[in-house]
Amino acid sequence: MKTKLAQVKTLLDALPYIKSFRKKTIVIKYGGSAQINPVLKDKFAQDIILLHLIGLKPVIVHGGGNKISSLLDKLDIKSEFVDGLRVTDEQVMEVVEMVLSGSINKEITTLLNHHGAKAIGITGKDANFIKAEPLDNGKYGLVGNITKVDKKVIKNLIKEGFIPVVAPIASGNDSTHAGYNINADFCASKIAAALKAEKIIFLTDTKGILDKEGKLITKLNKEEVQRLKDNQTITGGMLPKVDACLEALNSGVKSAQIIDGRVEHSILLELFTSEGICTLIENEIKEK
């Protein structure tokens, strides 16, 4: 009986958060161990199904850099990184699209559908819903900077009861263009901004933003984030995620969270408990 009462209490504790997020759009950048580890993949799928069933509107954006690198190596196609971005020529772009759209995207939708969702996988080429131009005048080849997101495509899918799963590939300006390879963090940010999402969540392989002593910083506003960038507390691979968070906030998204995807059910723990397990970034910090 005590166990059952504890379960009821957990549900009741979550109720205020469920009410506050109901019917709200949440964009989730899915990556890291949560996208690779079989157990974590299964837990992620369960989390997304629950969000959908209780009335939230999840939109998934995924990357796939490790699998792209692996296939490029198998095919003996050389690629290099400049400023942390994969320089993408047409041969590399063909592999990028093959992996992101043809492999990873369908793996995620299959997983969600297996758990009872109605998920559908798309890229920015579908209905031309994401358009881009060369980043930094083509310095990185076919790496793109998003110029337009047609939010109606995603909204129509949500209206029909689908969970959209987006591969970060954008269309070019003509039918013969190979398309653009888009950084998944910034793709998620642009989609969240277009949808005016309630929240954007980045699943990573870190606890969140850490201070210089390695302790988790649980809440920040935009000015504090900039200060941590200036004093080099935020460096390396965390910089693009933080910049994607700030871009989303500056475009009307209410909050951004960097969550440790190595923790089982991390999305549910963050959204529906009072403690939280991540770094929350808002324009102005309010009590949860």
# chains A, B, ... in the order shown; residues from 1 in each chain; ligands from 1

call {"tool": "closest_atom_pairs", "arguments": {"of": "segment 132-167 of chain A", "to": "segment 95-98 of chain A", "cutoff": "12 Å", "atoms": "only C-alpha atoms", "output": "CSV"}}
result
residue,atom,partner,partner_atom,distance
A:Leu142,CA,A:Val96,CA,10.6
A:Val143,CA,A:Val96,CA,10.8
A:Ala167,CA,A:Glu97,CA,8.6

call {"tool": "atom_distance", "arguments": {"atom1": "atom CA of Val253 of chain A", "atom2": "atom CA of His62 of chain A"}}
result
18.9 Å

call {"tool": "residues_around", "arguments": {"residues": "Ala45 of chain A", "least_positions_apart": "5", "cutoff": "7 Å", "atoms": "only C-alpha atoms", "output": "PDB file with N, CA and C atoms, in the first residue's frame"}}
result
ATOM      1  N   LEU A 111      11.405   3.436 -33.787  1.00  0.00           N
ATOM      2  CA  LEU A 111      11.420   3.235 -32.336  1.00  0.00           C
ATOM      3  C   LEU A 111      10.181   3.859 -31.695  1.00  0.00           C
ATOM      4  N   LEU A 112       9.877   5.093 -32.071  1.00  0.00           N
ATOM      5  CA  LEU A 112       8.713   5.768 -31.496  1.00  0.00           C
ATOM      6  C   LEU A 112       7.416   5.070 -31.894  1.00  0.00           C
ATOM      7  N   HIS A 115       6.625   2.005 -29.962  1.00  0.00           N
ATOM      8  CA  HIS A 115       6.108   2.268 -28.616  1.00  0.00           C
ATOM      9  C   HIS A 115       4.704   2.862 -28.645  1.00  0.00           C
TER      10      HIS A 115
END

call {"tool": "closest_atom_pairs", "arguments": {"of": "segment 238-285 of chain A", "to": "segment 180-194 of chain A", "cutoff": "6 Å", "atoms": "only C-alpha atoms", "output": "CSV"}}
result
residue,atom,partner,partner_atom,distance
A:Ala244,CA,A:Phe186,CA,5.3
A:Ala248,CA,A:Ser189,CA,5.1
A:Ser251,CA,A:Ala193,CA,5.3
A:Val253,CA,A:Ala193,CA,5.9

call {"tool": "write_last_selection", "arguments": {"atoms": "N, CA and C atoms", "output": "mmCIF file, in the first residue's frame"}}
result
data_model
loop_
_atom_site.group_PDB
_atom_site.id
_atom_site.type_symbol
_atom_site.label_atom_id
_atom_site.label_comp_id
_atom_site.auth_asym_id
_atom_site.auth_seq_id
_atom_site.Cartn_x
_atom_site.Cartn_y
_atom_site.Cartn_z
ATOM 1 N N ALA A 244 23.164 28.221 -29.444
ATOM 2 C CA ALA A 244 21.861 27.800 -29.972
ATOM 3 C C ALA A 244 20.749 28.120 -28.970
ATOM 4 N N ALA A 248 17.619 30.817 -29.661
ATOM 5 C CA ALA A 248 16.214 30.461 -29.454
ATOM 6 C C ALA A 248 15.532 31.461 -28.519
ATOM 7 N N SER A 251 14.697 34.707 -29.991
ATOM 8 C CA SER A 251 13.670 34.623 -31.039
ATOM 9 C C SER A 251 12.291 34.283 -30.485
ATOM 10 N N VAL A 253 11.506 31.924 -27.865
ATOM 11 C CA VAL A 253 11.338 30.697 -27.084
ATOM 12 C C VAL A 253 11.499 31.058 -25.607
#

call {"tool": "closest_residue", "arguments": {"among": "A:Leu195, A:Ala119, A:Ile281, A:Leu249", "to": "Lys152 of chain A", "atoms": "only C-alpha atoms"}}
result
A:Leu195
